[in-house]
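> What follows is query-v5.txt, compact mmCIF, C-alpha atoms.
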```txt
# COMPACT_ATOMS: atom_id res chain seq x y z
CA MET N 1 45.91 -39.18 -62.24
CA VAL N 2 46.13 -37.70 -65.76
CA THR N 3 43.29 -39.88 -67.09
CA GLY N 4 41.12 -38.92 -64.11
CA LEU N 5 41.76 -35.23 -64.79
CA LEU N 6 41.03 -35.69 -68.50
CA ARG N 7 37.72 -37.34 -67.62
CA MET N 8 36.63 -34.34 -65.55
CA GLY N 9 37.92 -31.87 -68.15
CA ASP N 10 36.50 -33.66 -71.18
CA ASN N 11 33.04 -33.95 -69.58
CA ALA N 12 33.02 -30.20 -69.01
CA LEU N 13 34.42 -29.41 -72.46
CA VAL N 14 32.10 -31.65 -74.47
CA LEU N 15 28.97 -30.61 -72.58
CA GLY N 16 30.04 -26.95 -72.79
CA GLN N 17 30.39 -27.28 -76.57
CA ARG N 18 27.02 -29.06 -76.86
CA LEU N 19 25.26 -26.36 -74.84
CA SER N 20 26.86 -23.58 -76.86
CA GLU N 21 25.17 -25.06 -79.96
CA TRP N 22 21.93 -23.63 -78.56
CA CYS N 23 23.25 -20.07 -78.65
CA GLY N 24 20.77 -18.08 -80.73
CA HIS N 25 18.37 -21.05 -81.09
CA ALA N 26 16.76 -21.63 -77.68
CA PRO N 27 12.95 -21.44 -77.33
CA ALA N 28 13.09 -18.14 -75.40
CA LEU N 29 15.70 -15.45 -74.91
CA GLU N 30 16.02 -16.20 -71.18
CA GLU N 31 16.64 -19.88 -71.91
CA ASP N 32 19.17 -18.98 -74.57
CA ILE N 33 21.09 -16.84 -72.11
CA ALA N 34 20.86 -19.46 -69.39
CA LEU N 35 22.24 -22.22 -71.63
CA ALA N 36 25.03 -19.96 -72.90
CA ASN N 37 25.99 -19.04 -69.34
CA THR N 38 26.02 -22.67 -68.27
CA ALA N 39 28.16 -23.46 -71.32
CA LEU N 40 30.57 -20.72 -70.27
CA ASP N 41 30.94 -22.18 -66.77
CA MET N 42 31.59 -25.61 -68.27
CA ILE N 43 34.27 -24.31 -70.65
CA GLY N 44 35.91 -22.42 -67.77
CA GLN N 45 35.97 -25.59 -65.70
CA ALA N 46 37.34 -27.55 -68.66
CA GLN N 47 40.21 -25.06 -68.93
CA MET N 48 41.14 -25.61 -65.29
CA TRP N 49 40.98 -29.44 -65.42
CA LEU N 50 42.77 -29.73 -68.76
CA ALA N 51 45.48 -27.25 -67.74
CA LEU N 52 46.16 -29.38 -64.67
CA ALA N 53 46.08 -32.59 -66.74
CA GLY N 54 48.65 -31.13 -69.14
CA GLU N 55 50.83 -29.96 -66.27
CA ARG N 56 50.79 -33.37 -64.57
CA GLU N 57 51.36 -35.18 -67.84
CA GLY N 58 54.53 -33.13 -68.36
CA GLN N 59 54.57 -33.41 -72.15
CA ASP N 60 54.18 -29.72 -72.87
CA ARG N 61 50.48 -29.91 -73.74
CA ASP N 62 48.36 -27.03 -72.45
CA ALA N 63 44.55 -26.88 -72.16
CA ASP N 64 44.12 -25.68 -75.75
CA THR N 65 46.37 -28.40 -77.17
CA LEU N 66 44.39 -31.05 -75.31
CA ALA N 67 41.05 -29.57 -76.39
CA TYR N 68 41.85 -29.00 -80.05
CA HIS N 69 44.50 -31.52 -81.01
CA ARG N 70 43.18 -34.84 -79.78
CA ASP N 71 40.94 -37.19 -81.76
CA ALA N 72 37.69 -38.77 -80.58
CA TRP N 73 39.36 -41.93 -79.24
CA ASP N 74 41.61 -39.84 -76.99
CA PHE N 75 38.64 -38.18 -75.28
CA ARG N 76 37.63 -39.55 -71.88
CA ASN N 77 34.18 -37.97 -71.45
CA LEU N 78 31.02 -39.86 -70.50
CA LEU N 79 28.77 -40.97 -73.36
CA LEU N 80 25.93 -38.93 -71.84
CA VAL N 81 27.51 -35.54 -72.53
CA GLU N 82 28.26 -36.22 -76.21
CA GLN N 83 24.62 -37.10 -76.97
CA PRO N 84 23.09 -34.57 -79.37
CA ASN N 85 20.85 -31.77 -78.11
CA ARG N 86 17.74 -32.87 -80.05
CA ASP N 87 14.87 -30.86 -78.51
CA PHE N 88 14.95 -28.61 -75.45
CA GLY N 89 13.49 -31.44 -73.34
CA VAL N 90 16.37 -33.80 -74.17
CA THR N 91 18.89 -31.02 -73.53
CA MET N 92 17.45 -30.23 -70.09
CA MET N 93 17.07 -33.90 -69.13
CA ARG N 94 20.72 -34.52 -70.09
CA GLN N 95 21.67 -31.49 -68.00
CA PHE N 96 19.63 -32.66 -65.01
CA LEU N 97 21.18 -36.15 -65.05
CA PHE N 98 24.69 -34.80 -65.57
CA ASP N 99 24.38 -31.98 -62.98
CA SER N 100 23.07 -34.44 -60.41
CA TRP N 101 26.14 -36.69 -60.92
CA HIS N 102 28.52 -33.73 -61.27
CA PHE N 103 27.35 -32.24 -57.98
CA GLU N 104 28.11 -35.51 -56.13
CA ALA N 105 31.46 -35.97 -57.90
CA LEU N 106 32.65 -32.42 -57.15
CA THR N 107 31.49 -32.66 -53.54
CA ALA N 108 33.71 -35.73 -53.14
CA LEU N 109 36.63 -34.16 -55.03
CA ALA N 110 36.45 -30.98 -52.92
CA ASP N 111 38.03 -33.12 -50.16
CA HIS N 112 40.66 -34.68 -52.42
CA ASP N 113 44.19 -35.04 -50.95
CA ASP N 114 45.68 -33.24 -53.94
CA ALA N 115 45.31 -29.50 -53.24
CA ALA N 116 45.04 -28.56 -56.94
CA VAL N 117 42.21 -31.05 -57.52
CA SER N 118 40.39 -29.91 -54.41
CA ALA N 119 40.72 -26.21 -55.41
CA ILE N 120 39.18 -26.77 -58.86
CA ALA N 121 36.40 -28.92 -57.40
CA GLN N 122 35.52 -26.31 -54.77
CA LYS N 123 35.38 -23.58 -57.39
CA ALA N 124 33.33 -25.66 -59.85
CA LEU N 125 30.97 -26.93 -57.16
CA LYS N 126 29.64 -23.42 -56.50
CA GLU N 127 28.68 -23.07 -60.15
CA VAL N 128 27.31 -26.59 -60.47
CA THR N 129 25.10 -26.20 -57.40
CA TYR N 130 23.38 -23.41 -59.33
CA HIS N 131 23.21 -25.50 -62.54
CA ARG N 132 21.60 -28.39 -60.66
CA ASP N 133 19.01 -26.11 -59.05
CA ARG N 134 18.05 -24.78 -62.44
CA SER N 135 17.93 -28.05 -64.38
CA THR N 136 15.95 -29.71 -61.56
CA GLU N 137 13.38 -26.91 -61.54
CA THR N 138 13.08 -27.05 -65.32
CA VAL N 139 12.63 -30.83 -65.43
CA ILE N 140 9.91 -30.62 -62.77
CA ALA N 141 8.13 -27.74 -64.53
CA LEU N 142 8.18 -29.46 -67.94
CA GLY N 143 7.46 -32.97 -66.65
CA ASP N 144 4.49 -31.74 -64.65
CA GLY N 145 3.48 -29.30 -67.38
CA THR N 146 1.32 -29.77 -70.46
CA ASP N 147 0.59 -33.15 -72.06
CA GLU N 148 3.07 -32.34 -74.78
CA SER N 149 5.88 -31.23 -72.43
CA HIS N 150 5.25 -34.28 -70.23
CA ARG N 151 5.43 -36.61 -73.23
CA ARG N 152 8.70 -35.06 -74.38
CA MET N 153 10.32 -35.21 -70.94
CA GLN N 154 9.36 -38.87 -70.44
CA SER N 155 10.72 -39.68 -73.87
CA ALA N 156 13.94 -37.76 -73.05
CA LEU N 157 14.32 -39.71 -69.81
CA ASP N 158 13.76 -43.04 -71.60
CA ARG N 159 16.28 -42.08 -74.27
CA LEU N 160 19.02 -40.93 -71.86
CA TRP N 161 18.61 -43.40 -69.00
CA PRO N 162 20.93 -46.01 -70.62
CA TYR N 163 23.73 -43.42 -70.26
CA VAL N 164 23.29 -43.00 -66.49
CA GLY N 165 25.06 -46.23 -65.48
CA GLU N 166 28.42 -45.20 -66.96
CA MET N 167 28.62 -42.24 -64.57
CA PHE N 168 28.85 -44.71 -61.68
CA SER N 169 31.26 -47.19 -63.24
CA SER N 170 34.59 -46.81 -61.46
CA ASP N 171 38.18 -47.83 -62.06
CA ASP N 172 41.63 -46.96 -60.73
CA ASP N 173 41.99 -43.98 -63.07
CA ASP N 174 39.08 -42.11 -61.48
CA LEU N 175 39.93 -39.35 -59.01
CA THR N 176 37.34 -40.74 -56.59
CA ASP N 177 35.17 -43.84 -56.22
CA MET N 178 32.36 -43.03 -58.66
CA ALA N 179 30.27 -46.06 -57.63
CA ALA N 180 29.97 -44.56 -54.14
CA LEU N 181 28.17 -41.52 -55.57
CA ARG N 182 25.08 -43.43 -56.68
CA SER N 183 23.11 -43.16 -53.44
CA GLY N 184 23.48 -39.36 -53.30
CA PHE N 185 22.49 -39.16 -56.96
CA ASP N 186 19.40 -41.32 -56.43
CA ALA N 187 18.42 -39.32 -53.34
CA HIS N 188 18.32 -36.19 -55.49
CA ILE N 189 16.83 -37.41 -58.75
CA LEU N 190 14.15 -39.86 -57.60
CA PRO N 191 12.05 -37.33 -55.63
CA ALA N 192 12.53 -34.80 -58.45
CA LEU N 193 11.32 -37.28 -61.09
CA ASN N 194 8.41 -38.12 -58.85
CA GLU N 195 7.48 -34.45 -58.53
CA ALA N 196 7.87 -34.12 -62.29
CA THR N 197 5.34 -37.01 -62.67
CA LEU N 198 7.97 -38.93 -64.68
CA THR N 199 8.58 -42.66 -64.47
CA ARG N 200 12.09 -43.97 -63.89
CA PRO N 201 12.79 -46.60 -66.57
CA GLU N 202 12.92 -50.15 -65.22
CA SER N 203 15.97 -51.41 -67.06
CA ASP N 204 19.37 -50.38 -65.76
CA PHE N 205 21.15 -51.47 -68.92
CA ALA N 206 24.07 -49.08 -69.41
CA HIS N 207 26.10 -48.17 -72.48
CA MET N 208 29.81 -48.03 -71.60
CA GLY N 209 33.00 -46.91 -73.30
CA GLY N 210 33.08 -43.09 -73.13
CA LYS N 211 35.28 -42.59 -70.09
CA THR N 212 37.66 -45.33 -71.24
CA GLY N 213 37.64 -43.99 -74.80
CA THR N 214 37.03 -47.46 -76.24
CA ARG N 215 33.55 -46.90 -77.64
CA HIS N 216 32.48 -43.32 -78.15
CA SER N 217 29.25 -42.81 -80.07
CA GLU N 218 29.42 -41.53 -83.65
CA HIS N 219 28.20 -38.14 -82.40
CA LEU N 220 31.49 -37.18 -80.75
CA GLY N 221 33.55 -37.12 -83.93
CA HIS N 222 31.05 -34.86 -85.70
CA MET N 223 31.01 -32.50 -82.75
CA LEU N 224 34.81 -32.37 -82.56
CA ALA N 225 35.03 -31.67 -86.29
CA THR N 226 33.05 -28.48 -85.76
CA MET N 227 34.86 -27.57 -82.55
CA GLN N 228 38.38 -28.22 -83.78
CA ILE N 229 38.35 -27.12 -87.42
CA LEU N 230 39.79 -23.64 -86.90
CA PRO N 231 42.83 -24.49 -84.72
CA ARG N 232 43.49 -27.61 -86.83
CA SER N 233 43.31 -25.74 -90.14
CA TYR N 234 45.36 -22.79 -88.86
CA PRO N 235 47.53 -24.21 -86.06
CA ASP N 236 49.32 -20.94 -85.42
CA ALA N 237 46.21 -18.75 -85.40
CA THR N 238 45.81 -16.44 -82.42
CA TRP N 239 42.80 -14.34 -81.56
CA MET S 1 71.34 1.32 -59.21
CA VAL S 2 68.75 2.61 -56.80
CA THR S 3 65.15 1.69 -57.54
CA THR S 4 62.22 3.06 -55.64
CA ARG S 5 59.42 0.56 -55.10
CA ALA S 6 55.92 1.94 -54.85
CA SER S 7 54.30 1.15 -51.52
CA VAL S 8 51.76 -1.65 -51.45
CA ASP S 9 49.18 0.86 -50.18
CA ASP S 10 49.75 3.07 -53.23
CA VAL S 11 49.24 0.06 -55.51
CA TRP S 12 45.95 -0.80 -53.78
CA GLY S 13 44.90 2.83 -54.31
CA TRP S 14 45.68 2.60 -58.03
CA LEU S 15 43.83 -0.69 -58.37
CA ALA S 16 40.78 0.96 -56.77
CA ASP S 17 40.60 3.10 -59.94
CA VAL S 18 40.56 0.13 -62.34
CA PRO S 19 36.92 -0.45 -63.37
CA ASP S 20 35.31 -3.83 -63.94
CA PRO S 21 34.96 -4.07 -67.75
CA GLU S 22 31.35 -5.32 -67.64
CA ILE S 23 30.10 -3.24 -64.70
CA PRO S 24 32.29 -0.12 -64.93
CA VAL S 25 30.65 1.55 -61.94
CA ILE S 26 32.58 -0.74 -59.57
CA SER S 27 36.34 -1.27 -59.42
CA VAL S 28 38.28 -4.51 -59.35
CA THR S 29 38.94 -3.95 -55.64
CA ASP S 30 35.22 -3.31 -54.94
CA LEU S 31 34.57 -6.65 -56.62
CA GLY S 32 36.98 -8.36 -54.21
CA ILE S 33 38.93 -10.22 -56.87
CA VAL S 34 42.32 -8.69 -56.01
CA ARG S 35 43.40 -10.90 -53.10
CA ASP S 36 46.96 -9.76 -52.54
CA VAL S 37 49.59 -7.24 -53.59
CA SER S 38 53.20 -7.88 -52.64
CA TRP S 39 56.77 -7.36 -53.78
CA ASP S 40 59.02 -10.28 -54.64
CA GLY S 41 62.39 -8.54 -54.97
CA ASP S 42 61.74 -5.88 -57.60
CA THR S 43 58.74 -7.70 -59.12
CA LEU S 44 55.25 -6.72 -58.06
CA ILE S 45 52.94 -9.71 -57.65
CA VAL S 46 49.19 -9.08 -57.92
CA THR S 47 47.05 -12.06 -56.94
CA ILE S 48 43.64 -12.29 -58.61
CA THR S 49 40.77 -14.69 -57.99
CA PRO S 50 38.34 -15.13 -60.90
CA THR S 51 34.63 -14.67 -60.22
CA TYR S 52 33.16 -17.39 -62.47
CA SER S 53 35.56 -19.90 -64.02
CA GLY S 54 34.48 -19.14 -67.58
CA CYS S 55 33.95 -15.39 -67.21
CA PRO S 56 35.39 -13.75 -70.34
CA ALA S 57 35.94 -10.52 -68.39
CA THR S 58 38.75 -12.18 -66.38
CA ALA S 59 41.31 -11.86 -69.20
CA VAL S 60 40.31 -8.25 -69.83
CA ILE S 61 40.59 -7.45 -66.12
CA GLY S 62 44.13 -8.83 -66.09
CA MET S 63 45.04 -6.67 -69.05
CA GLU S 64 43.52 -3.55 -67.51
CA ILE S 65 45.33 -4.07 -64.22
CA GLU S 66 48.60 -4.46 -66.08
CA THR S 67 48.00 -1.35 -68.18
CA ALA S 68 47.06 0.75 -65.14
CA LEU S 69 50.08 -0.33 -63.11
CA ARG S 70 52.48 0.22 -66.01
CA ALA S 71 51.06 3.74 -66.36
CA HIS S 72 52.13 4.26 -62.72
CA GLY S 73 55.67 3.25 -63.61
CA ILE S 74 55.65 -0.39 -62.52
CA ASP S 75 57.58 -2.34 -65.14
CA ASN S 76 58.22 -5.63 -63.38
CA LEU S 77 54.81 -7.07 -62.80
CA ARG S 78 53.37 -10.54 -62.51
CA LEU S 79 49.68 -11.46 -62.25
CA ARG S 80 49.04 -14.60 -60.30
CA THR S 81 45.71 -16.46 -60.49
CA GLN S 82 44.50 -18.11 -57.34
CA ILE S 83 41.33 -20.23 -57.34
CA ALA S 84 41.22 -21.35 -53.69
CA PRO S 85 39.54 -20.15 -51.61
CA ALA S 86 36.92 -19.67 -54.31
CA TRP S 87 35.62 -16.16 -54.89
CA THR S 88 32.44 -15.32 -53.04
CA THR S 89 30.09 -12.34 -53.28
CA ASP S 90 30.83 -11.83 -49.55
CA TRP S 91 34.04 -10.20 -50.80
CA LEU S 92 32.14 -7.39 -52.54
CA SER S 93 32.90 -4.20 -50.61
CA ASP S 94 30.09 -2.24 -48.97
CA ALA S 95 30.96 0.67 -51.25
CA GLY S 96 30.68 -1.72 -54.19
CA ARG S 97 27.23 -2.90 -53.09
CA THR S 98 26.00 0.70 -52.81
CA LYS S 99 27.45 1.58 -56.22
CA LEU S 100 25.81 -1.47 -57.80
CA GLU S 101 22.38 -0.51 -56.54
CA GLY S 102 22.86 3.10 -57.66
CA TYR S 103 23.72 1.73 -61.12
CA GLY S 104 20.47 -0.30 -61.25
CA ILE S 105 21.86 -3.73 -60.29
CA ALA S 106 20.43 -5.23 -57.09
CA PRO S 107 23.34 -6.38 -54.86
CA PRO S 108 23.56 -10.06 -53.78
CA GLN S 109 21.61 -11.22 -50.73
CA ALA S 110 22.13 -14.39 -48.73
CA ALA S 111 18.41 -15.13 -49.16
CA GLY S 112 19.11 -15.83 -52.84
CA GLY S 113 17.15 -12.98 -54.40
CA PRO S 114 17.13 -9.17 -54.33
CA ASP S 115 15.53 -7.58 -51.27
CA ARG S 116 14.13 -4.66 -53.28
CA CYS S 117 13.86 -3.09 -56.71
CA PRO S 118 16.99 -0.99 -57.31
CA LEU S 119 14.90 1.57 -59.21
CA CYS S 120 11.76 2.26 -57.12
CA ARG S 121 12.82 0.40 -53.89
CA SER S 122 9.65 -1.70 -53.86
CA LYS S 123 9.91 -5.04 -52.05
CA ASN S 124 7.61 -6.68 -54.62
CA VAL S 125 9.95 -8.40 -57.04
CA GLU S 126 9.83 -11.63 -59.05
CA ARG S 127 12.38 -13.69 -60.91
CA ILE S 128 12.40 -13.75 -64.71
CA SER S 129 15.43 -15.99 -65.21
CA GLN S 130 18.20 -17.52 -63.11
CA PHE S 131 20.76 -16.18 -65.58
CA GLY S 132 21.44 -12.77 -67.10
CA SER S 133 23.70 -10.85 -69.43
CA THR S 134 26.87 -11.93 -67.61
CA PRO S 135 27.64 -15.07 -65.57
CA CYS S 136 27.35 -13.11 -62.30
CA LYS S 137 23.81 -11.82 -62.86
CA ALA S 138 20.19 -13.02 -62.98
CA GLN S 139 17.12 -11.24 -64.38
CA TRP S 140 14.37 -10.02 -62.08
CA ARG S 141 11.39 -7.73 -62.40
CA CYS S 142 9.63 -5.29 -60.10
CA THR S 143 5.88 -5.96 -59.93
CA ASP S 144 5.18 -2.36 -58.84
CA CYS S 145 7.14 -0.22 -61.31
CA LEU S 146 7.21 -3.18 -63.76
CA GLU S 147 10.84 -2.51 -64.72
CA PRO S 148 13.10 -5.50 -65.29
CA PHE S 149 16.49 -5.28 -63.57
CA ASP S 150 19.70 -7.23 -63.06
CA TYR S 151 20.41 -9.00 -59.78
CA PHE S 152 24.00 -9.78 -58.84
CA LYS S 153 23.80 -13.48 -57.90
CA CYS S 154 24.94 -14.62 -54.48
CA LEU S 155 27.87 -17.03 -54.87
```
Using structure tokens, write down the structure from this file.


Amino acid sequence: MVTGLLRMGDNALVLGQRLSEWCGHAPALEEDIALANTALDMIGQAQMWLALAGEREGQDRDADTLAYHRDAWDFRNLLLVEQPNRDFGVTMMRQFLFDSWHFEALTALADHDDAAVSAIAQKALKEVTYHRDRSTETVIALGDGTDESHRRMQSALDRLWPYVGEMFSSDDDDLTDMAALRSGFDAHILPALNEATLTRPESDFAHMGGKTGTRHSEHLGHMLATMQILPRSYPDATW
Amino acid sequence: MVTTRASVDDVWGWLADVPDPEIPVISVTDLGIVRDVSWDGDTLIVTITPTYSGCPATAVIGMEIETALRAHGIDNLRLRTQIAPAWTTDWLSDAGRTKLEGYGIAPPQAAGGPDRCPLCRSKNVERISQFGSTPCKAQWRCTDCLEPFDYFKCL
């Protein structure tokens, strides 16, 4: 149970941190605000999942302790969410792929037997429905946009596709059967990619090791260094 | 020792005077985030449901509720956070909706967008962005008076 909760919380935390890196740098003010707001929702969701994980673990670790005082190998997020932002196209493609999985996962977890899990999922699902609408619209607009935006979106899809498979790998630690979510995911993304005039890559080769913590990419450690430096340098700081 | 507990109705009345920190024209009760007020022995329990899970205003709202109730002489007070059922814009009071529009923020509509410009009342409006200055708002524009305005998203 604790590992399953950490997986949900770490996905939200790591993606929230990644998105917040855009704050003040996005291509247009509206996009900047949109990414910052999405980041805020993700951090809020991370707080709820990690607080519950700490409570169930029973070792006196709260959400902040889990976020700031674990090392890369203790994180249980998907490899997809730790991938760097690169350009706006890669950021929005990552968001589209993640939102499409997240929507299916939260829909399943909203019916979870554990009332605390179901409550967080129901709350988060409302926000993620909105995220998925937005990232889908953006991927379609940019894919079916100019030659340059199309080229960037296809290249983003090719780059990130090897991180899709891990979202649907499932083991006993997961809060729900992740493999069962694939058909709902495909039913959403394939028509959207088609409308975006983008081609789904043929190979389904998948990088693994994020959600088990065995093989995070080098990017996670660098990101955590930035995210954790203040509470690690001044462990008693309050603000 | 004899202690006099304030009535639950009085507490609701006091909470109706606590403004939302981001949109001060509406109160925390207009917003529908105060779900319950009750006494547990001599401790007052106020149950709050956050709007968006990462909304930074939530912590400030808790502090303001506490300050207001202490000013009314309530010393034993506990704020309880409840996330299920999840907050919905259906819980905005009718008075709250009217106050929002008067303030220049179009109130939420089930259709997913504002039904008119809160400034000139024109029905001709278009979306600028799905997000706005706070998690609960989106940016729209009136194509008649050309003014941009905030829309309180339907959740």

> Which of these, S:Ala111, S:Leu69, S:Cys120, S:Ile105, has the shortest distance to Gly132 in chain S once you count all atoms listed in the file?

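Residue with the minimum atom-to-atom distance to Gly132 in chain S: S:Ile105.
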
> Got a sec: who's within 9 Å of Phe205 in chain N, counting only C-alpha atoms, leaving out chain neighbours fewer than 6 positions off, as a ChimeraX atom specification?

/N:161-163,165

> Counting all atoms listed in the file, which residues of range 30-111 of chain S fall within 7 Å of range 104-127 of chain N, and what is the closest atom pair for each with its distance in Å at one decimal, ordered by chain and rising number, as CSV?


```
residue,atom,partner,partner_atom,distance
S:Ile83,CA,N:Ala119,CA,6.3
S:Ala84,CA,N:Ala119,CA,5.2
S:Ala86,CA,N:Lys123,CA,5.2
```

> Keeping only C-alpha atoms, write the selected residues as a PDB file, in the frame of the given file.


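Contents of result.pdb, freshly written:
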```pdb
ATOM      1  CA  ILE S  83      41.330 -20.230 -57.340  1.00  0.00           C
ATOM      2  CA  ALA S  84      41.220 -21.350 -53.690  1.00  0.00           C
ATOM      3  CA  ALA S  86      36.920 -19.670 -54.310  1.00  0.00           C
TER       4      ALA S  86
END
```

> Work out how far apart CA of Phe96 in chain N and CA of Leu142 in chain N are and give it in Å to one decimal.

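CA of Phe96 in chain N sits 12.2 Å away from CA of Leu142 in chain N.
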
> Could you name the residues that touch Met227 in chain N at 10 Å or less, counting only C-alpha atoms, but leaving out those on the same chain fewer than 4 positions away, as a PDB file with C-alpha atoms, keeping the file's coordinate frame?


```pdb
ATOM      1  CA  VAL N  14      32.100 -31.650 -74.470  1.00  0.00           C
ATOM      2  CA  GLN N  17      30.390 -27.280 -76.570  1.00  0.00           C
ATOM      3  CA  ARG N  18      27.020 -29.060 -76.860  1.00  0.00           C
ATOM      4  CA  ALA N  67      41.050 -29.570 -76.390  1.00  0.00           C
ATOM      5  CA  TYR N  68      41.850 -29.000 -80.050  1.00  0.00           C
ATOM      6  CA  GLY N 221      33.550 -37.120 -83.930  1.00  0.00           C
ATOM      7  CA  HIS N 222      31.050 -34.860 -85.700  1.00  0.00           C
ATOM      8  CA  MET N 223      31.010 -32.500 -82.750  1.00  0.00           C
ATOM      9  CA  PRO N 231      42.830 -24.490 -84.720  1.00  0.00           C
ATOM     10  CA  ARG N 232      43.490 -27.610 -86.830  1.00  0.00           C
TER      11      ARG N 232
END
```

> Define the interface residues of chain N facing chain S as those within 12 Å, counting only C-alpha atoms, and report them as number ranges by chain.

N: 12-13, 16, 28-49, 110, 115-135, 137-138

> Pick from N:Gly213, N:Pro191, N:Gly143, N:Gly4: nearest to Glu57 in chain N, with all atoms listed in the file counted?

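Nearest to Glu57 in chain N: N:Gly4.
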
> Calculate how many Å separate CA of Asp74 in chain N from CA of Glu166 in chain N, rounding to one decimal.

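If I compute the distance from CA of Asp74 in chain N to CA of Glu166 in chain N, I get 17.4 Å.
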
> Could you tell me how far CA of Ala206 in chain N lies from CA of Val139 in chain N, in Å and to one decimal?

21.9 Å

> For Ile48 in chain S, find every residue with an atom within 12 Å (counting all atoms listed in the file), except residues of its own chain fewer than 3 positions away, and show them as a ChimeraX atom specification.

/S:15,28-29,31-37,45,51,58-59,61-63,65-66,78-87

> Take the residues from that selection and write them out as a compact mmCIF listing (two decimals), in the frame of the given file, keeping C-alpha atoms.


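Saved to part.txt:
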```
# COMPACT_ATOMS: atom_id res chain seq x y z
CA LEU S 15 43.83 -0.69 -58.37
CA VAL S 28 38.28 -4.51 -59.35
CA THR S 29 38.94 -3.95 -55.64
CA LEU S 31 34.57 -6.65 -56.62
CA GLY S 32 36.98 -8.36 -54.21
CA ILE S 33 38.93 -10.22 -56.87
CA VAL S 34 42.32 -8.69 -56.01
CA ARG S 35 43.40 -10.90 -53.10
CA ASP S 36 46.96 -9.76 -52.54
CA VAL S 37 49.59 -7.24 -53.59
CA ILE S 45 52.94 -9.71 -57.65
CA THR S 51 34.63 -14.67 -60.22
CA THR S 58 38.75 -12.18 -66.38
CA ALA S 59 41.31 -11.86 -69.20
CA ILE S 61 40.59 -7.45 -66.12
CA GLY S 62 44.13 -8.83 -66.09
CA MET S 63 45.04 -6.67 -69.05
CA ILE S 65 45.33 -4.07 -64.22
CA GLU S 66 48.60 -4.46 -66.08
CA ARG S 78 53.37 -10.54 -62.51
CA LEU S 79 49.68 -11.46 -62.25
CA ARG S 80 49.04 -14.60 -60.30
CA THR S 81 45.71 -16.46 -60.49
CA GLN S 82 44.50 -18.11 -57.34
CA ILE S 83 41.33 -20.23 -57.34
CA ALA S 84 41.22 -21.35 -53.69
CA PRO S 85 39.54 -20.15 -51.61
CA ALA S 86 36.92 -19.67 -54.31
CA TRP S 87 35.62 -16.16 -54.89
```

> Trp14 in chain S: which residues within 9 Å, counting only C-alpha atoms, same-chain residues fewer than 5 positions away excluded, as a list in words?

Asp9, Ala68, Leu69 and His72 of chain S

> I'd like the contact shell of range 167-170 of chain N - 9 Å cut-off, only C-alpha atoms, skipping same-chain residues fewer than 6 positions apart - returned as a ChimeraX atom specification.

/N:78-80,98,101,176-182,208,211
